[in-house]
$ cat structure-v7.cif   # mmCIF, C-alpha atoms and all ligand atoms
data_upload
#
loop_
_atom_site.label_atom_id
_atom_site.label_comp_id
_atom_site.auth_asym_id
_atom_site.auth_seq_id
_atom_site.Cartn_x
_atom_site.Cartn_y
_atom_site.Cartn_z
CA MET A 1314 -13.22 1.19 8.03
CA VAL A 1315 -13.55 1.36 4.22
CA ALA A 1316 -15.64 -1.84 4.17
CA ARG A 1317 -17.80 -0.58 7.03
CA ARG A 1318 -18.58 2.47 4.91
CA GLY A 1319 -20.11 0.16 2.30
CA HIS A 1320 -17.24 -0.54 -0.10
CA ASP A 1321 -16.18 -3.92 -1.43
CA LEU A 1322 -12.43 -4.42 -1.13
CA ILE A 1323 -9.46 -5.75 -3.06
CA LEU A 1324 -6.61 -6.33 -0.60
CA VAL A 1325 -3.02 -6.42 -1.87
CA ALA A 1326 -0.06 -7.78 0.10
CA ARG A 1327 2.61 -10.47 -0.21
CA ASN A 1328 1.51 -13.08 2.32
CA LYS A 1329 -1.34 -15.18 0.85
CA GLU A 1330 -2.33 -16.83 4.13
CA ARG A 1331 -2.59 -13.54 6.03
CA LEU A 1332 -4.52 -12.01 3.12
CA ALA A 1333 -6.99 -14.92 3.06
CA ALA A 1334 -7.55 -14.76 6.82
CA LEU A 1335 -8.06 -10.99 6.74
CA ALA A 1336 -10.42 -11.20 3.76
CA GLN A 1337 -12.49 -13.85 5.54
CA ARG A 1338 -12.71 -11.79 8.74
CA LEU A 1339 -13.56 -8.51 6.97
CA GLY A 1340 -16.14 -10.23 4.76
CA ARG A 1341 -17.78 -11.86 7.77
CA ASP A 1342 -17.76 -8.68 9.90
CA THR A 1343 -18.98 -6.26 7.23
CA GLY A 1344 -20.93 -8.35 4.71
CA ARG A 1345 -18.86 -6.83 1.89
CA ALA A 1346 -17.14 -8.77 -0.91
CA VAL A 1347 -13.40 -8.93 -0.19
CA ALA A 1348 -11.02 -10.17 -2.90
CA THR A 1349 -7.27 -10.56 -2.56
CA VAL A 1350 -4.26 -10.11 -4.84
CA ALA A 1351 -0.97 -11.58 -3.63
CA ALA A 1352 1.73 -9.28 -4.98
CA ASP A 1353 5.10 -7.90 -3.95
CA LEU A 1354 4.92 -4.23 -4.90
CA THR A 1355 8.72 -4.01 -5.07
CA ASN A 1356 8.61 -6.52 -7.93
CA ALA A 1357 8.08 -4.81 -11.32
CA GLY A 1358 5.93 -7.65 -12.74
CA ASP A 1359 3.71 -7.82 -9.64
CA LEU A 1360 3.34 -4.05 -9.62
CA GLN A 1361 2.25 -4.09 -13.26
CA ARG A 1362 -0.32 -6.77 -12.42
CA VAL A 1363 -1.82 -4.52 -9.72
CA GLU A 1364 -1.78 -1.55 -12.12
CA HIS A 1365 -3.62 -3.72 -14.63
CA THR A 1366 -6.27 -4.55 -12.00
CA LEU A 1367 -6.70 -0.84 -11.31
CA ARG A 1368 -7.06 -0.07 -15.00
CA THR A 1369 -9.44 -2.86 -15.89
CA ASN A 1370 -11.74 -3.15 -12.88
CA ALA A 1371 -14.27 -0.39 -13.47
CA ASP A 1372 -15.75 -0.78 -9.98
CA ILE A 1373 -12.63 0.52 -8.23
CA SER A 1374 -13.09 4.07 -6.99
CA LEU A 1375 -10.65 4.40 -4.09
CA LEU A 1376 -6.97 3.54 -3.82
CA VAL A 1377 -5.41 3.30 -0.37
CA ASN A 1378 -1.63 3.05 -0.26
CA ASN A 1379 -0.54 1.60 3.05
CA ALA A 1380 2.37 -0.71 2.24
CA GLY A 1381 5.68 0.84 3.16
CA PHE A 1382 8.50 0.71 5.63
CA GLY A 1383 11.21 2.92 6.98
CA ALA A 1384 14.74 2.58 8.19
CA ALA A 1385 15.76 4.47 11.29
CA GLY A 1386 19.48 4.46 10.53
CA SER A 1387 21.40 7.05 8.58
CA LEU A 1388 22.02 6.43 4.87
CA LEU A 1389 25.63 5.41 5.42
CA ALA A 1390 24.68 2.99 8.20
CA SER A 1391 21.92 1.36 6.12
CA GLU A 1392 22.17 -1.69 3.88
CA VAL A 1393 22.04 -0.38 0.31
CA ASN A 1394 19.86 -3.16 -1.18
CA LYS A 1395 17.32 -2.73 1.63
CA MET A 1396 17.27 1.01 0.95
CA GLU A 1397 16.65 0.35 -2.73
CA GLU A 1398 13.77 -2.00 -1.85
CA MET A 1399 12.35 0.71 0.40
CA ILE A 1400 12.46 3.24 -2.44
CA ARG A 1401 10.75 0.77 -4.80
CA LEU A 1402 7.94 0.36 -2.28
CA ASN A 1403 7.64 3.81 -0.66
CA VAL A 1404 8.27 5.83 -3.81
CA THR A 1405 8.06 3.85 -7.08
CA ALA A 1406 5.00 1.72 -6.25
CA LEU A 1407 3.22 4.65 -4.65
CA MET A 1408 3.93 6.88 -7.66
CA ARG A 1409 2.93 4.28 -10.27
CA LEU A 1410 -0.31 3.21 -8.55
CA THR A 1411 -1.34 6.79 -7.80
CA ARG A 1412 -0.57 7.82 -11.38
CA THR A 1413 -2.53 4.86 -12.77
CA ALA A 1414 -5.49 5.64 -10.53
CA GLN A 1415 -5.52 9.33 -11.33
CA GLY A 1416 -5.21 8.68 -15.07
CA LEU A 1417 -8.39 6.63 -15.17
CA ASP A 1418 -11.31 8.07 -17.01
CA ARG A 1419 -14.09 6.61 -14.94
CA ALA A 1420 -17.75 7.43 -15.17
CA ASN A 1421 -17.83 7.80 -11.40
CA SER A 1422 -14.96 10.33 -11.67
CA GLY A 1423 -14.95 10.81 -7.88
CA TRP A 1424 -11.53 9.20 -7.82
CA GLN A 1425 -9.79 9.21 -4.51
CA SER A 1426 -6.31 8.21 -3.57
CA ARG A 1427 -5.11 8.06 -0.02
CA ARG A 1428 -1.78 7.29 1.51
CA LEU A 1429 -2.36 5.70 4.85
CA ARG A 1430 0.27 5.94 7.48
CA SER A 1431 0.46 4.45 10.90
CA LYS A 1432 -0.98 6.16 13.94
CA SER A 1433 2.38 7.68 14.79
CA ALA A 1434 3.03 9.06 11.32
CA GLY A 1435 2.76 12.80 11.04
CA ARG A 1436 2.89 13.28 14.76
CA SER A 1437 6.36 12.01 15.51
CA PRO A 1438 9.02 13.10 13.04
CA PRO A 1439 11.37 10.42 11.70
CA PRO A 1440 14.82 10.30 13.30
CA ALA A 1441 16.97 13.14 11.99
CA GLY A 1442 18.78 12.14 8.81
CA SER A 1443 17.14 8.71 8.65
CA ALA A 1444 16.96 7.19 5.18
CA GLY A 1445 13.46 5.80 5.85
CA GLY A 1446 12.05 9.14 6.94
CA ASN A 1447 13.34 10.79 3.81
CA SER A 1448 11.66 8.24 1.51
CA ARG A 1449 8.29 8.82 3.22
N1 LIG B 1501 4.96 1.81 12.18
C1 LIG B 1501 5.50 3.03 12.23
O1 LIG B 1501 6.06 3.46 13.25
C2 LIG B 1501 5.39 3.97 11.05
C3 LIG B 1501 5.82 5.29 11.18
C4 LIG B 1501 5.68 6.17 10.10
C5 LIG B 1501 5.10 5.73 8.90
N2 LIG B 1501 4.70 4.44 8.79
C6 LIG B 1501 4.11 4.03 7.51
O2 LIG B 1501 2.76 3.57 7.70
C7 LIG B 1501 2.48 2.50 6.78
C8 LIG B 1501 1.99 1.27 7.54
O3 LIG B 1501 2.96 0.95 8.53
P1 LIG B 1501 2.78 -0.32 9.44
O4 LIG B 1501 3.79 -0.23 10.51
O5 LIG B 1501 1.32 -0.50 9.77
O6 LIG B 1501 3.26 -1.44 8.40
P2 LIG B 1501 3.10 -3.04 8.48
O7 LIG B 1501 2.47 -3.47 9.75
O8 LIG B 1501 4.41 -3.59 8.10
O9 LIG B 1501 2.04 -3.29 7.33
C9 LIG B 1501 2.40 -3.07 6.03
C10 LIG B 1501 1.38 -3.78 5.13
O10 LIG B 1501 1.88 -3.67 3.81
C11 LIG B 1501 2.12 -4.98 3.26
N3 LIG B 1501 3.37 -4.92 2.54
C12 LIG B 1501 4.61 -4.67 3.03
N4 LIG B 1501 5.53 -4.75 2.08
C13 LIG B 1501 4.86 -5.03 0.93
C14 LIG B 1501 5.27 -5.25 -0.41
N5 LIG B 1501 6.55 -5.20 -0.77
N6 LIG B 1501 4.31 -5.52 -1.34
C15 LIG B 1501 3.01 -5.60 -0.99
N7 LIG B 1501 2.57 -5.40 0.27
C16 LIG B 1501 3.49 -5.14 1.21
C17 LIG B 1501 2.20 -5.93 4.46
O11 LIG B 1501 1.76 -7.24 4.16
P3 LIG B 1501 2.78 -8.40 3.66
O12 LIG B 1501 3.91 -8.42 4.64
O13 LIG B 1501 1.95 -9.64 3.63
O14 LIG B 1501 3.22 -8.00 2.29
C18 LIG B 1501 1.22 -5.25 5.43
O15 LIG B 1501 -0.10 -5.64 5.13
C19 LIG B 1501 3.78 2.25 6.01
O16 LIG B 1501 3.71 2.95 4.78
C20 LIG B 1501 4.86 2.85 6.91
O17 LIG B 1501 6.00 3.28 6.19
C21 LIG B 1501 4.83 3.55 9.83
#
$ encode --input "structure-v7.cif" --output "structure tokens"
Amino acid sequence: MVARRGHDLILVARNKERLAALAQRLGRDTGRAVATVAADLTNAGDLQRVEHTLRTNADISLLVNNAGFGAAGSLLASEVNKMEEMIRLNVTALMRLTRTAQGLDRANSGWQSRRLRSKSAGRSPPPAGSAGGNSR
């Protein structure tokens, strides 16, 4: 949708092969330039690399945060390391990238930041007391 509206893209995700295939398809279908950055946003070094890209690429004017996941179980029933990973992705990465984007002093100052959620998000509440729902 963003590419169809005339924007070039930088796609960020962990899986290089899926990223490359998606970039090829989007580039072919829309005629836009589509670059990729393989990064795990729960990894501090990878996250800093993506922040650096945001800071130094003056053409970037829109940040879409889509990466995230939830856990349906209660906090006590959830695996603590998985919950910590979820917080790094749903909260820490989202906060750091949004903060970096909003702190940029760009000539085009029409900065936008969006958090994308799935089709069901916002319409169906997360299970009561679920750890994942609370992080979102
Ligand atoms: N599906 C639902 O029912 C539901 C409900 C409410 C809210 N949401 C929210 O909506 C958003 C999208 O959900 P979805 O179901 O479409 O998710 P999805 O199919 O799992 O897609 C998530 C995308 O983020 C990337 N990603 C995941 N973990 C990452 C990481 N650590 N670092 C970098 N990239 C990562 C994935 O690619 P790689 O695997 O290659 O990294 C994938 O491209 C999420 O924020 C989710 O919490 C979903």
$ closest_residue --input "structure-v7.cif" --among "A:Gln1415, A:Ser1391, A:Asn1403, A:Thr1366" --to "ligand LIG 1501 (chain B)" --atoms "all atoms listed in the file"
A:Asn1403
$ atom_distance --input "structure-v7.cif" --atom1 "atom O4 of ligand LIG 1501 (chain B)" --atom2 "CA of Ala1380 in chain A"
8.4 Å
$ closest_residue --input "structure-v7.cif" --among "A:Thr1355, A:Gln1425, A:Gln1337, A:Thr1343" --to "ligand LIG 1501 (chain B)" --atoms "all atoms listed in the file"
A:Thr1355
$ residues_near_point --input "structure-v7.cif" --point "(3.8, 5.6, -7.5)" --cutoff "12 Å" --atoms "all atoms listed in the file" --output "PyMOL selection string"
chain A and resi 1354-1355+1357+1360-1361+1363-1364+1376-1378+1380-1381+1400-1415+1426-1428
$ atom_distance --input "structure-v7.cif" --atom1 "atom O15 of ligand LIG 1501 (chain B)" --atom2 "CA of Leu1324 in chain A"
8.7 Å
$ closest_residue --input "structure-v7.cif" --among "A:Val1393, A:Val1350, A:Leu1367, A:Val1315" --to "ligand LIG 1501 (chain B)" --atoms "all atoms listed in the file"
A:Val1350
$ atom_distance --input "structure-v7.cif" --atom1 "CA of Ala1348 in chain A" --atom2 "atom N2 of ligand LIG 1501 (chain B)"
24.4 Å
$ closest_residue --input "structure-v7.cif" --among "A:Ala1352, A:Ala1316, A:Leu1388, A:Val1347" --to "ligand LIG 1501 (chain B)" --atoms "all atoms listed in the file"
A:Ala1352
$ closest_residue --input "structure-v7.cif" --among "A:Ser1387, A:Gly1344, A:Thr1369, A:Ala1336" --to "ligand LIG 1501 (chain B)" --atoms "only C-alpha atoms and all ligand atoms"
A:Ala1336
$ closest_residue --input "structure-v7.cif" --among "A:Gly1383, A:His1365, A:Glu1330, A:Arg1318" --to "Arg1345 in chain A" --atoms "all atoms listed in the file"
A:Arg1318
$ decode --input "structure-v7.cif" --residues "range 1370-1404 of chain A" --atoms "N, CA and C atoms" --output "compact mmCIF listing (two decimals), in the first residue's frame"
# COMPACT_ATOMS: atom_id res chain seq x y z
N ASN A 1370 19.55 8.33 6.76
CA ASN A 1370 18.97 8.32 5.41
C ASN A 1370 17.93 9.44 5.34
N ALA A 1371 18.32 10.54 4.72
CA ALA A 1371 17.48 11.74 4.73
C ALA A 1371 16.22 11.58 3.90
N ASP A 1372 16.13 10.50 3.12
CA ASP A 1372 14.93 10.32 2.29
C ASP A 1372 13.78 9.68 3.05
N ILE A 1373 14.06 9.16 4.25
CA ILE A 1373 13.00 8.45 4.98
C ILE A 1373 12.03 9.46 5.60
N SER A 1374 10.74 9.27 5.32
CA SER A 1374 9.75 10.22 5.86
C SER A 1374 8.59 9.52 6.55
N LEU A 1375 8.59 8.22 6.56
CA LEU A 1375 7.50 7.47 7.19
C LEU A 1375 8.06 6.22 7.85
N LEU A 1376 7.71 6.01 9.10
CA LEU A 1376 8.11 4.80 9.81
C LEU A 1376 6.87 3.98 10.12
N VAL A 1377 6.85 2.74 9.68
CA VAL A 1377 5.72 1.85 9.99
C VAL A 1377 6.23 0.74 10.89
N ASN A 1378 5.71 0.67 12.08
CA ASN A 1378 6.08 -0.40 13.02
C ASN A 1378 5.04 -1.51 12.92
N ASN A 1379 5.46 -2.64 12.40
CA ASN A 1379 4.52 -3.76 12.29
C ASN A 1379 4.99 -4.96 13.10
N ALA A 1380 6.30 -5.14 13.22
CA ALA A 1380 6.83 -6.32 13.91
C ALA A 1380 6.32 -6.36 15.34
N GLY A 1381 5.87 -7.50 15.75
CA GLY A 1381 5.38 -7.66 17.12
C GLY A 1381 4.73 -9.01 17.27
N PHE A 1382 4.55 -9.43 18.48
CA PHE A 1382 3.78 -10.66 18.70
C PHE A 1382 3.17 -10.61 20.09
N GLY A 1383 2.21 -11.47 20.30
CA GLY A 1383 1.54 -11.49 21.59
C GLY A 1383 1.48 -12.90 22.13
N ALA A 1384 1.26 -13.00 23.40
CA ALA A 1384 1.08 -14.30 24.04
C ALA A 1384 -0.30 -14.32 24.66
N ALA A 1385 -1.04 -15.38 24.38
CA ALA A 1385 -2.42 -15.42 24.84
C ALA A 1385 -2.53 -15.84 26.30
N GLY A 1386 -1.47 -16.48 26.82
CA GLY A 1386 -1.55 -17.00 28.18
C GLY A 1386 -1.38 -15.92 29.24
N SER A 1387 -1.74 -16.27 30.46
CA SER A 1387 -1.55 -15.32 31.56
C SER A 1387 -0.05 -15.19 31.84
N LEU A 1388 0.33 -14.17 32.59
CA LEU A 1388 1.75 -13.94 32.89
C LEU A 1388 2.37 -15.16 33.57
N LEU A 1389 1.68 -15.71 34.55
CA LEU A 1389 2.24 -16.84 35.29
C LEU A 1389 2.40 -18.09 34.43
N ALA A 1390 1.51 -18.22 33.42
CA ALA A 1390 1.56 -19.41 32.56
C ALA A 1390 2.54 -19.23 31.41
N SER A 1391 3.14 -18.04 31.27
CA SER A 1391 3.99 -17.76 30.12
C SER A 1391 5.47 -17.97 30.45
N GLU A 1392 6.23 -18.30 29.43
CA GLU A 1392 7.66 -18.54 29.59
C GLU A 1392 8.35 -17.16 29.72
N VAL A 1393 9.12 -16.98 30.79
CA VAL A 1393 9.57 -15.63 31.13
C VAL A 1393 10.52 -15.04 30.08
N ASN A 1394 11.39 -15.88 29.48
CA ASN A 1394 12.32 -15.35 28.47
C ASN A 1394 11.57 -14.92 27.21
N LYS A 1395 10.51 -15.66 26.88
CA LYS A 1395 9.70 -15.29 25.71
C LYS A 1395 8.98 -13.97 25.98
N MET A 1396 8.53 -13.80 27.22
CA MET A 1396 7.85 -12.55 27.58
C MET A 1396 8.82 -11.37 27.50
N GLU A 1397 10.06 -11.62 27.91
CA GLU A 1397 11.06 -10.55 27.84
C GLU A 1397 11.34 -10.18 26.38
N GLU A 1398 11.43 -11.21 25.52
CA GLU A 1398 11.65 -10.96 24.09
C GLU A 1398 10.49 -10.15 23.52
N MET A 1399 9.28 -10.50 23.95
CA MET A 1399 8.09 -9.77 23.48
C MET A 1399 8.15 -8.30 23.89
N ILE A 1400 8.60 -8.05 25.09
CA ILE A 1400 8.69 -6.65 25.56
C ILE A 1400 9.76 -5.91 24.78
N ARG A 1401 10.89 -6.59 24.48
CA ARG A 1401 11.94 -5.93 23.69
C ARG A 1401 11.40 -5.53 22.32
N LEU A 1402 10.57 -6.39 21.74
CA LEU A 1402 10.05 -6.10 20.40
C LEU A 1402 8.86 -5.15 20.45
N ASN A 1403 7.84 -5.48 21.25
CA ASN A 1403 6.59 -4.70 21.25
C ASN A 1403 6.75 -3.34 21.92
N VAL A 1404 7.68 -3.24 22.86
CA VAL A 1404 7.79 -2.00 23.63
C VAL A 1404 9.12 -1.27 23.35
